[in-house]
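K.L.:
Supplied structure: final10.cif, mmCIF, C-alpha atoms.
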data_upload
#
loop_
_atom_site.label_atom_id
_atom_site.label_comp_id
_atom_site.auth_asym_id
_atom_site.auth_seq_id
_atom_site.Cartn_x
_atom_site.Cartn_y
_atom_site.Cartn_z
CA MET A 25 0.50 -3.54 29.72
CA ALA A 26 -1.48 -1.46 27.30
CA GLU A 27 -3.05 1.74 28.52
CA LEU A 28 -6.66 2.70 27.85
CA LEU A 29 -7.46 6.11 26.51
CA LYS A 30 -10.09 8.21 24.80
CA THR A 31 -9.52 8.83 21.12
CA LYS A 32 -9.73 12.19 19.39
CA ASN A 33 -12.39 11.16 16.88
CA ASN A 34 -15.73 10.97 18.59
CA GLU A 35 -18.15 9.89 15.88
CA CYS A 36 -21.15 9.36 18.15
CA SER A 37 -23.24 12.09 16.60
CA LYS A 38 -23.02 10.62 13.10
CA GLU A 39 -25.80 8.39 11.86
CA GLY A 40 -24.71 5.26 10.12
CA VAL A 41 -25.61 3.78 6.74
CA SER A 42 -26.21 0.20 5.66
CA ARG A 43 -24.11 0.31 2.49
CA VAL A 44 -21.20 2.38 1.30
CA TYR A 45 -18.89 2.28 -1.71
CA PHE A 46 -15.38 3.59 -1.97
CA LYS A 47 -12.86 3.59 -4.79
CA ILE A 48 -9.11 3.40 -4.27
CA ALA A 49 -6.79 3.18 -7.28
CA ASP A 50 -9.73 2.34 -9.56
CA VAL A 51 -10.78 -0.54 -7.30
CA THR A 52 -14.34 -0.11 -6.05
CA LEU A 53 -15.22 -1.82 -2.80
CA ALA A 54 -18.85 -2.26 -1.71
CA LEU A 55 -19.22 -2.48 2.06
CA THR A 56 -22.60 -3.70 3.25
CA SER A 57 -24.09 -4.29 6.66
CA ALA A 58 -25.65 -7.73 6.86
CA ASP A 59 -27.44 -6.83 10.08
CA PRO A 60 -30.06 -4.03 10.35
CA LYS A 61 -28.71 -3.19 13.79
CA LEU A 62 -25.18 -2.68 12.51
CA LYS A 63 -24.81 0.80 11.06
CA LEU A 64 -21.73 1.63 9.05
CA ARG A 65 -19.57 4.70 8.95
CA ILE A 66 -16.41 5.61 7.06
CA ASP A 67 -13.26 6.57 8.92
CA GLY A 68 -10.98 9.54 8.36
CA SER A 69 -9.52 10.03 4.93
CA VAL A 70 -11.45 7.12 3.40
CA GLU A 71 -14.35 9.61 3.20
CA LYS A 72 -12.58 11.33 0.29
CA PHE A 73 -12.70 8.04 -1.61
CA VAL A 74 -16.44 7.41 -1.26
CA THR A 75 -18.02 6.89 -4.66
CA ASP A 76 -21.27 5.75 -6.26
CA GLY A 77 -22.02 2.07 -6.51
CA LYS A 78 -20.98 1.52 -10.11
CA ASP A 79 -19.60 -1.97 -10.86
CA PRO A 80 -17.85 -2.83 -7.58
CA ASP A 81 -14.79 -5.06 -7.86
CA MET A 82 -14.97 -6.25 -4.25
CA PHE A 83 -17.99 -7.07 -2.08
CA ILE A 84 -17.50 -7.11 1.69
CA TRP A 85 -20.29 -7.48 4.23
CA ALA A 86 -20.13 -6.94 7.98
CA ALA A 87 -22.13 -8.48 10.82
CA TRP A 88 -22.15 -8.97 14.56
CA GLU A 89 -20.99 -12.34 15.81
CA LYS A 90 -19.96 -14.03 19.00
CA LEU A 91 -16.44 -15.05 18.08
CA GLU A 92 -14.49 -17.94 19.57
CA LYS A 93 -10.92 -17.95 20.85
CA GLU A 94 -9.78 -20.22 18.03
CA THR A 95 -9.85 -19.30 14.35
CA SER A 96 -10.29 -22.21 11.97
CA GLY A 97 -7.72 -23.24 9.36
CA ASP A 98 -3.96 -23.37 9.08
CA LYS A 99 -2.05 -20.42 10.44
CA LEU A 100 -0.10 -18.89 7.55
CA PHE A 101 1.28 -15.71 9.01
CA ASP A 102 1.56 -13.58 12.14
CA SER A 103 2.17 -9.86 11.72
CA GLY A 104 3.54 -9.62 15.23
CA ASP A 105 1.06 -7.34 16.91
CA LEU A 106 -2.13 -6.48 15.10
CA TRP A 107 -3.25 -9.43 13.00
CA GLN A 108 -2.76 -13.06 12.07
CA LEU A 109 -3.68 -14.93 8.89
CA TYR A 110 -5.27 -18.38 8.52
CA TYR A 111 -6.29 -20.35 5.43
CA ASP A 112 -9.23 -22.70 5.35
CA CYS A 113 -11.09 -24.25 2.39
CA GLY A 114 -10.45 -21.49 -0.15
CA PHE A 115 -10.85 -18.63 2.34
CA TYR A 116 -8.31 -16.43 4.06
CA HIS A 117 -9.15 -15.52 7.65
CA PHE A 118 -7.61 -12.32 8.99
CA ARG A 119 -7.83 -12.37 12.78
CA PHE A 120 -7.50 -9.13 14.75
CA THR A 121 -6.66 -9.07 18.42
CA SER A 122 -5.65 -6.43 20.91
CA PRO A 123 -4.31 -6.74 24.44
CA ALA A 124 -7.70 -5.47 25.72
CA SER A 125 -9.65 -8.12 23.83
CA GLY A 126 -7.55 -10.94 25.26
CA LYS A 127 -7.59 -14.25 23.42
CA ILE A 128 -10.91 -13.67 21.69
CA PRO A 129 -10.40 -11.63 18.51
CA TYR A 130 -12.36 -8.41 18.24
CA LYS A 131 -12.94 -9.12 14.56
CA VAL A 132 -12.27 -11.75 11.91
CA ALA A 133 -12.40 -11.07 8.17
CA ARG A 134 -13.13 -14.11 6.00
CA VAL A 135 -12.35 -13.48 2.35
CA ARG A 136 -12.36 -15.68 -0.71
CA LYS A 137 -8.90 -16.40 -2.01
CA ASP A 138 -9.48 -14.15 -5.02
CA PHE A 139 -10.25 -11.30 -2.57
CA LYS A 140 -13.40 -10.38 -4.50
CA ARG A 141 -15.87 -11.35 -1.79
CA GLY A 142 -15.80 -11.68 1.94
CA GLY A 143 -17.26 -10.78 5.29
CA VAL A 144 -16.16 -9.17 8.52
CA LEU A 145 -17.42 -10.61 11.79
CA LEU A 146 -17.27 -8.22 14.72
CA HIS A 147 -17.25 -9.64 18.24
CA ARG A 148 -20.43 -8.07 19.61
CA PRO A 149 -19.46 -7.69 23.31
CA TYR A 150 -16.48 -5.53 22.46
CA PHE A 151 -18.38 -2.83 20.61
CA ASP A 152 -20.92 -0.18 21.43
CA GLN A 153 -23.76 -1.47 19.29
CA ASP A 154 -25.61 1.86 19.19
CA GLN A 155 -22.79 3.53 17.36
CA PRO A 156 -21.94 3.25 13.66
CA ILE A 157 -18.81 1.25 12.99
CA TYR A 158 -16.14 1.18 10.32
CA PRO A 159 -15.56 -2.59 10.09
CA LEU A 160 -12.54 -2.19 7.81
CA GLU A 161 -10.61 -0.09 10.31
CA TYR A 162 -6.86 0.06 9.53
CA PRO A 163 -5.13 -2.15 8.62
CA LEU A 164 -7.98 -4.31 7.24
CA ASP A 165 -9.01 -1.95 4.41
CA GLU A 166 -5.39 -1.70 3.29
CA LEU A 167 -4.82 -5.46 3.54
CA LEU A 168 -7.90 -6.20 1.42
CA ILE A 169 -7.15 -3.66 -1.31
CA ASN A 170 -3.47 -4.65 -1.41
CA ASN A 171 -4.19 -8.35 -1.74
CA PHE A 172 -6.74 -7.69 -4.47
CA LEU A 173 -4.20 -5.57 -6.36
CA LEU A 174 -1.43 -8.13 -5.93
CA SER A 175 -3.42 -10.61 -8.00
CA GLY A 176 -1.93 -9.12 -11.17
CA ARG A 177 -3.32 -5.59 -10.88
CA GLY A 178 -0.85 -3.33 -9.07
CA ILE A 179 1.14 -2.70 -5.92
CA GLU A 180 1.22 -0.28 -3.00
CA VAL A 181 4.56 1.32 -2.17
CA HIS A 182 5.83 3.27 0.83
CA THR A 183 6.26 6.60 -0.91
CA SER A 184 4.93 10.10 -1.16
CA GLY A 185 3.61 11.12 -4.54
CA VAL A 186 3.50 14.58 -6.09
CA VAL A 187 2.19 15.91 -9.39
CA ASP A 188 3.93 19.08 -10.61
CA ALA A 189 2.37 21.92 -12.58
CA GLN A 190 3.21 20.16 -15.88
CA GLY A 191 1.40 17.00 -14.78
CA ASN A 192 4.60 14.96 -14.14
CA GLY A 193 4.26 12.38 -11.38
CA HIS A 194 7.18 12.24 -8.93
CA LEU A 195 7.51 9.34 -6.53
CA PHE A 196 9.62 9.78 -3.36
CA VAL A 197 10.45 6.37 -1.91
CA GLY A 198 11.67 5.60 1.59
CA HIS A 199 11.02 3.89 4.89
CA SER A 200 9.61 5.75 7.90
CA GLY A 201 11.77 8.78 8.65
CA ALA A 202 13.30 9.03 5.15
CA GLY A 203 11.62 12.37 4.38
CA LYS A 204 8.44 11.43 2.47
CA SER A 205 6.18 13.75 4.47
CA THR A 206 8.84 16.49 4.46
CA MET A 207 9.00 16.32 0.67
CA ALA A 208 5.18 16.41 0.40
CA LYS A 209 5.02 19.49 2.65
CA LEU A 210 7.69 21.29 0.60
CA TRP A 211 5.77 20.62 -2.63
CA HIS A 212 2.51 21.67 -1.02
CA ASP A 213 3.57 25.33 -1.18
CA GLU A 214 4.23 25.10 -4.92
CA PRO A 215 1.55 26.67 -7.11
CA ASP A 216 -0.37 24.07 -9.15
CA ALA A 217 1.38 21.10 -7.53
CA LYS A 218 -0.86 18.33 -6.22
CA ILE A 219 0.02 15.93 -3.43
CA LEU A 220 -1.48 12.48 -3.94
CA SER A 221 -0.13 11.09 -0.67
CA ASP A 222 2.63 11.70 1.85
CA ASP A 223 3.02 8.02 2.72
CA ARG A 224 1.37 5.45 0.44
CA ILE A 225 0.99 5.34 -3.34
CA ILE A 226 -0.49 2.59 -5.47
CA LEU A 227 1.15 1.86 -8.84
CA ARG A 228 -0.80 0.31 -11.71
CA ASN A 229 -0.22 0.14 -15.41
CA SER A 230 -2.77 1.20 -17.94
CA GLY A 231 -2.03 1.40 -21.63
CA GLU A 232 1.65 2.07 -22.09
CA ARG A 233 2.07 3.98 -18.86
CA ILE A 234 2.54 3.42 -15.17
CA TRP A 235 0.07 5.43 -13.09
CA MET A 236 0.42 6.52 -9.50
CA TYR A 237 -2.69 6.76 -7.34
CA GLY A 238 -3.27 8.49 -4.02
CA THR A 239 -4.52 6.43 -1.07
CA PRO A 240 -6.34 7.20 2.19
CA TRP A 241 -3.48 5.84 4.30
CA HIS A 242 -1.57 9.04 4.80
CA GLY A 243 1.41 9.90 6.97
CA ASP A 244 2.10 12.70 9.44
CA ALA A 245 1.38 15.45 6.92
CA GLY A 246 -2.12 14.07 6.27
CA PHE A 247 -2.17 14.23 2.44
CA ALA A 248 -4.61 11.77 0.87
CA SER A 249 -6.06 12.32 -2.59
CA PRO A 250 -8.20 9.97 -4.73
CA GLU A 251 -6.58 11.30 -7.93
CA ARG A 252 -3.98 9.71 -10.18
CA ALA A 253 -1.13 10.88 -12.42
CA PRO A 254 1.30 9.29 -14.90
CA LEU A 255 4.56 8.32 -13.23
CA THR A 256 7.56 10.27 -14.58
CA ARG A 257 10.45 9.64 -12.22
CA ILE A 258 11.31 7.72 -9.04
CA TYR A 259 13.54 9.15 -6.31
CA PHE A 260 14.97 7.03 -3.49
CA LEU A 261 15.29 9.48 -0.63
CA LYS A 262 18.51 10.02 1.26
CA LYS A 263 19.16 12.93 3.59
CA GLY A 264 22.42 14.65 2.61
CA GLN A 265 24.57 17.77 2.84
CA LYS A 266 23.60 18.96 -0.65
CA ASN A 267 21.07 18.17 -3.33
CA ALA A 268 22.38 15.55 -5.73
CA LEU A 269 21.00 12.88 -8.02
CA HIS A 270 22.46 9.48 -8.93
CA LEU A 271 20.85 7.27 -11.53
CA LYS A 272 20.31 3.70 -10.31
CA ARG A 273 20.65 0.47 -12.26
CA LYS A 274 17.33 -1.29 -12.93
CA ALA A 275 18.14 -4.25 -10.69
CA GLU A 276 19.02 -1.98 -7.80
CA ALA A 277 15.90 0.09 -8.37
CA VAL A 278 13.73 -3.05 -8.23
CA GLU A 279 15.46 -4.13 -5.04
CA ARG A 280 14.86 -0.77 -3.37
CA LEU A 281 11.28 -0.54 -4.57
CA PHE A 282 10.60 -4.04 -3.30
CA THR A 283 11.92 -3.27 0.18
CA CYS A 284 9.54 -0.31 0.33
CA SER A 285 6.52 -2.12 -1.08
CA PHE A 286 3.59 -3.72 0.69
CA SER A 287 3.67 -7.12 -0.89
CA SER A 288 1.95 -10.18 0.56
CA PHE A 289 4.87 -12.15 1.94
CA TYR A 290 2.52 -15.03 2.69
CA ARG A 291 1.42 -15.53 -0.96
CA THR A 292 4.02 -16.86 -3.40
CA GLU A 293 2.11 -15.68 -6.46
CA ALA A 294 1.92 -12.17 -4.98
CA ILE A 295 5.71 -12.05 -4.52
CA ASP A 296 6.20 -13.25 -8.11
CA PHE A 297 3.85 -10.60 -9.40
CA SER A 298 5.44 -7.86 -7.24
CA LEU A 299 8.94 -8.52 -8.55
CA GLY A 300 7.79 -8.71 -12.17
CA PHE A 301 5.66 -5.59 -11.90
CA LEU A 302 8.36 -3.57 -10.14
CA GLY A 303 10.72 -4.65 -12.94
CA LYS A 304 8.31 -3.08 -15.45
CA VAL A 305 8.12 0.08 -13.35
CA ALA A 306 11.92 0.39 -13.15
CA LYS A 307 12.13 -0.09 -16.92
CA ALA A 308 9.44 2.50 -17.65
CA VAL A 309 10.88 5.52 -15.82
CA PRO A 310 14.26 6.79 -14.59
CA CYS A 311 15.03 5.70 -11.02
CA CYS A 312 17.48 7.83 -9.04
CA GLU A 313 18.83 8.25 -5.57
CA LEU A 314 18.11 11.77 -4.36
CA SER A 315 20.40 13.12 -1.64
CA PHE A 316 18.61 16.17 -0.36
CA VAL A 317 18.62 19.01 2.08
CA PRO A 318 15.09 19.44 3.42
CA ASP A 319 14.32 22.95 2.23
CA LYS A 320 12.82 24.68 -0.82
CA ARG A 321 16.01 24.36 -2.87
CA VAL A 322 15.34 20.68 -3.49
CA ILE A 323 12.11 21.54 -5.29
CA GLU A 324 13.97 23.93 -7.60
CA PHE A 325 16.59 21.22 -8.13
CA ILE A 326 13.92 18.74 -9.25
CA LYS A 327 12.13 21.28 -11.42
CA LYS A 328 15.38 22.01 -13.26
CA LEU A 329 15.70 18.31 -14.10
CA GLU A 330 12.32 18.33 -15.77
CA ASN A 331 13.14 21.47 -17.74
CA MET B 12 25.97 -22.55 -59.40
CA ALA B 13 23.11 -21.06 -57.42
CA VAL B 14 22.79 -24.08 -55.10
CA LYS B 15 26.46 -23.92 -54.25
CA ASP B 16 26.17 -20.17 -53.45
CA ARG B 17 23.43 -20.76 -50.95
CA HIS B 18 25.61 -23.16 -49.01
CA ARG B 19 28.59 -20.89 -48.97
CA LYS B 20 30.07 -20.23 -45.53
CA ALA B 21 28.96 -17.05 -43.76
CA PRO B 22 31.57 -14.29 -43.98
CA ASP B 23 33.77 -13.76 -40.96
CA ASN B 24 32.34 -10.34 -40.05
CA THR B 25 29.04 -11.97 -38.86
CA ALA B 26 30.99 -13.85 -36.25
CA ASN B 27 32.70 -10.62 -35.24
CA LEU B 28 29.35 -8.87 -34.83
CA LYS B 29 28.07 -11.72 -32.66
CA GLN B 30 31.18 -11.41 -30.56
CA LYS B 31 30.67 -7.68 -30.12
CA SER B 32 26.98 -7.89 -29.13
CA LYS B 33 27.63 -10.60 -26.57
CA LYS B 34 26.93 -9.39 -23.05
CA ILE B 35 29.68 -9.51 -20.51
CA TYR B 36 29.03 -12.29 -18.04
CA THR B 37 28.25 -11.12 -14.55
CA LYS B 38 28.50 -13.69 -11.85
CA PRO B 39 25.20 -14.05 -9.95
CA GLU B 40 25.45 -12.94 -6.38
CA LEU B 41 23.27 -13.25 -3.31
CA LYS B 42 22.39 -9.97 -1.72
CA GLN B 43 20.66 -9.36 1.57
CA VAL B 44 17.77 -6.92 1.25
CA PRO B 45 17.03 -4.79 4.32
CA LEU B 46 13.31 -5.15 5.01
CA ARG B 47 11.47 -3.51 7.86
CA PRO B 48 9.11 -6.34 8.73
CA GLN B 49 6.51 -4.45 10.75
CA GLU B 50 6.24 -1.74 8.11
CA SER B 51 6.13 -4.21 5.24
CA VAL B 52 3.31 -6.32 6.65
CA LEU B 53 1.19 -3.52 8.12
CA GLY B 54 1.97 -4.83 11.57
CA PHE B 55 2.09 -1.43 13.21
CA CYS B 56 -0.36 1.35 14.01
CA LYS B 57 -0.69 4.55 12.04
CA ASN B 58 -1.03 8.15 13.07
CA ASP B 59 -3.60 8.33 15.88
CA ASN B 60 -1.72 5.82 18.06
CA THR B 61 -4.79 3.76 18.81
CA TYR B 62 -6.40 0.65 17.46
CA GLY B 63 -9.07 -1.84 18.39
CA PRO B 64 -12.79 -1.73 19.02
CA VAL B 65 -15.00 0.98 20.43
CA ILE B 66 -16.22 -0.09 23.84
CA SER B 67 -19.09 1.54 25.74
CA THR B 68 -20.99 4.81 25.15
CA CYS B 69 -19.52 7.78 23.36
CA ASP B 70 -16.08 7.45 24.87
CA ASN B 71 -14.14 5.62 22.22
CA ILE B 72 -11.75 3.38 24.03
CA GLY B 73 -8.83 2.03 22.10
CA LEU B 74 -5.33 0.97 22.94
CA VAL B 75 -2.15 2.92 22.87
CA CYS B 76 -0.06 1.39 20.18
CA HIS B 77 3.44 0.37 21.05
CA THR B 78 4.49 -0.23 17.46
CA LEU B 79 3.81 3.07 15.80
CA GLY B 80 4.84 3.61 12.21
CA SER B 81 3.83 5.84 9.36
#
As structure tokens - that is how I would like this structure written.
P.N.:
Amino acid sequence: MAELLKTKNNECSKEGVSRVYFKIADVTLALTSADPKLKLRIDGSVEKFVTDGKDPDMFIWAAWEKLEKETSGDKLFDSGDLWQLYYDCGFYHFRFTSPASGKIPYKVARVRKDFKRGGVLLHRPYFDQDQPIYPLEYPLDELLINNFLLSGRGIEVHTSGVVDAQGNGHLFVGHSGAGKSTMAKLWHDEPDAKILSDDRIILRNSGERIWMYGTPWHGDAGFASPERAPLTRIYFLKKGQKNALHLKRKAEAVERLFTCSFSSFYRTEAIDFSLGFLGKVAKAVPCCELSFVPDKRVIEFIKKLEN
Amino acid sequence: MAVKDRHRKAPDNTANLKQKSKKIYTKPELKQVPLRPQESVLGFCKNDNTYGPVISTCDNIGLVCHTLGS
């Protein structure tokens, strides 16, 4: 049985807006309220990514609705706990339920299969209608951006990302508990180093280079930056007795990147793109396994490599 | 004659070069990749341990997440 509780973020005093734009990894999303009574707000770190409304790539509206138990279309995927995916007549339907909402979803996002346009329907009885809402609450914002990127544009990976004083982009890859946040915190004390994220980085290529972008979906250390940097080296994290580096073969690097990526396992073309793109990434920069001791010495160790 | 020259057999060293540049055959193998499904599909909660709608007044009511990840 799930327990009810009060959250830390009481946003009641904030007035809402009817339209907001944010830009993540050079993808601009326009979020619009389709109902004058539905005021929007932006949650947490997404605030850092708010931008002006120049040439949005994605248009998402939000509205109140009285949702039904059933969601139309063929069920394609079930994430296990938070969301399920349906497909119907050229539209993906992301259905969000919680134990408190029972069988009726608390929201359904209907998006065109190119992920450029869509709407979020919020089940009116479940919400306080006087309060501004963030309709793209996690994980919907991440699912939408990821799926848009996976149509040939880029990929999100489970990594922390750091830019050193020389502008080199270091990517620290690993599952939960591997040391991504630890590494970000260690770099945070370095003069002129910038932390793009301690948990999620988006990779895209532009020109001849692979770029790493910060995202709002941070980890325990809370680092989330809208900036980008050219990718210089990839480190697969492994806690060890001493600091050591082992170069990985390209195929192994792709395999390890793929296991730590957020690909759309329910879209064949997205898997194809992911593998191809990660192949390009592994070809573009050195990929190494980094055994490390979680203290300052590992930063010096990495800096020496660059010198 | 010029025509005859053109049809002359390639010297043996070309064949040797081809031999040298040939990649060593590696037998394809199936490898199991360790995925963490709930992490990979964003099927877990992040950070604040809660998810779901805001119900009633200023007290945001969410649900404690039993599948927390980062």
K.L.:
Apply the PyMOL selection byres ((chain A and resi 226-234) around 7) to the file shown and report the selected residues as a VMD selection string.
P.N.:
chain A and resid 49 177 to 181 224 to 225 235 to 238 254 to 255 305
K.L.:
Residues near B:Glu50, anyone? I mean within 9 Å using only C-alpha atoms, not counting same-chain ones fewer than 4 positions away, as a list in words.
P.N.:
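Once the adjacent positions are removed, what remains is His182, His199, Ser200, Cys284 and Phe286 of chain A; Leu46, Gly54, Phe55, Gly80 and Ser81 of chain B.
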K.L.:
Which residues, written as a PyMOL selection string, have at least one atom at most 9 Å from A:Lys218, with all atoms listed in the file counted and residues fewer than 3 positions away on the same chain left out?
P.N.:
chain A and resi 185-189+191+211-212+214-215+249
K.L.:
Would you mind exporting the chosen residues as a PDB file, in the frame of the given file, restricted to C-alpha atoms?
P.N.:
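Heads up, here's the output in result-v1.pdb:
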ATOM      1  CA  GLY A 185       3.610  11.120  -4.540  1.00  0.00           C
ATOM      2  CA  VAL A 186       3.500  14.580  -6.090  1.00  0.00           C
ATOM      3  CA  VAL A 187       2.190  15.910  -9.390  1.00  0.00           C
ATOM      4  CA  ASP A 188       3.930  19.080 -10.610  1.00  0.00           C
ATOM      5  CA  ALA A 189       2.370  21.920 -12.580  1.00  0.00           C
ATOM      6  CA  GLY A 191       1.400  17.000 -14.780  1.00  0.00           C
ATOM      7  CA  TRP A 211       5.770  20.620  -2.630  1.00  0.00           C
ATOM      8  CA  HIS A 212       2.510  21.670  -1.020  1.00  0.00           C
ATOM      9  CA  GLU A 214       4.230  25.100  -4.920  1.00  0.00           C
ATOM     10  CA  PRO A 215       1.550  26.670  -7.110  1.00  0.00           C
ATOM     11  CA  SER A 249      -6.060  12.320  -2.590  1.00  0.00           C
TER      12      SER A 249
END
K.L.:
Kindly give the distance, in Å, that separates atom CA of A:Ser184 and atom CA of A:Ile219, rounded to a single decimal.
P.N.:
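Rounded to one decimal, the two atoms are 8.0 Å apart.
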K.L.:
Pull out every residue that the PyMOL selection byres ((chain A and resi 268) around 8) matches in the shown coordinates and put them as a list in words.
P.N.:
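Selection result, ordered by chain and number: Lys266, Asn267, Leu269, His270, Leu314, Ser315 and Phe316 of chain A.
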K.L.:
Taking (12.3, 20.1, -3.3) in the file's coordinates as the center, which residues reach within 12 Å of it, counting all atoms listed in the file, put as a VMD selection string?
P.N.:
chain A and resid 186 188 194 196 203 to 214 217 259 261 266 to 268 314 to 329
K.L.:
Counting all atoms listed in the file, figure out which residue out of A:Trp85, A:Ile169, A:Ala202, A:Phe115 gets nearest to A:Thr239.
P.N.:
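Using all atoms listed in the file, A:Thr239 sits closest to A:Ile169.
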K.L.:
Enter the distance from atom CA of A:Thr183 to atom CA of A:Ala54, in Å, rounded to one decimal.
P.N.:
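Taking atom CA of A:Thr183 as the start and atom CA of A:Ala54 as the end point, the length is 26.6 Å.
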K.L.:
Residues near A:Cys113, anyone? I mean within 12 Å using only C-alpha atoms, not counting same-chain ones fewer than 4 positions away, as a PyMOL selection string.
P.N.:
chain A and resi 96-98+117+134-137
K.L.:
What does the distance from atom CA of A:Leu109 to atom CA of A:Ile66 come to in Å, to one decimal?
P.N.:
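Value for the atom CA of A:Leu109-atom CA of A:Ile66 distance: 24.2 Å.
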K.L.:
Given all atoms listed in the file as the basis, pick out the residue of B:Thr37, B:Ser32, B:Ser51, B:Gln43 nearest to chain A.
P.N.:
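Using all atoms listed in the file, the shortest distance to chain A belongs to B:Ser51.
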K.L.:
Between A:Ala133, A:Ile128, A:Val41, A:Ile48, which residue has the minimum interatomic distance to A:Leu62, considering all atoms listed in the file?
P.N.:
A:Val41
K.L.:
Within 8 Å of A:Ala306, counting all atoms listed in the file, which residues show up once you throw out same-chain ones fewer than 5 positions away? Write them as a VMD selection string, please.
P.N.:
chain A and resid 274 277 to 278 311
K.L.:
With C-alpha atoms retained, export the selected residues as a short mmCIF file (atom, residue, chain, number, x, y, z; two decimals), in the frame of the given file.
P.N.:
data_model
loop_
_atom_site.label_atom_id
_atom_site.label_comp_id
_atom_site.auth_asym_id
_atom_site.auth_seq_id
_atom_site.Cartn_x
_atom_site.Cartn_y
_atom_site.Cartn_z
CA LYS A 274 17.33 -1.29 -12.93
CA ALA A 277 15.90 0.09 -8.37
CA VAL A 278 13.73 -3.05 -8.23
CA CYS A 311 15.03 5.70 -11.02
#
K.L.:
Find, counting only C-alpha atoms, the residue in A:Asp105, A:Glu251, A:Asp79, A:Asp59 that gets nearest to A:Val144.
P.N.:
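Nearest candidate to A:Val144 out of A:Asp105, A:Glu251, A:Asp79, A:Asp59: A:Asp59.
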K.L.:
Care to translate the PyMOL selection byres ((chain A and resi 102) around 12) into actual residues of this file, as a VMD selection string?
P.N.:
(chain A and resid 98 to 101 103 to 110 117 to 121 289 to 290) or (chain B and resid 48 to 49 52 to 54)
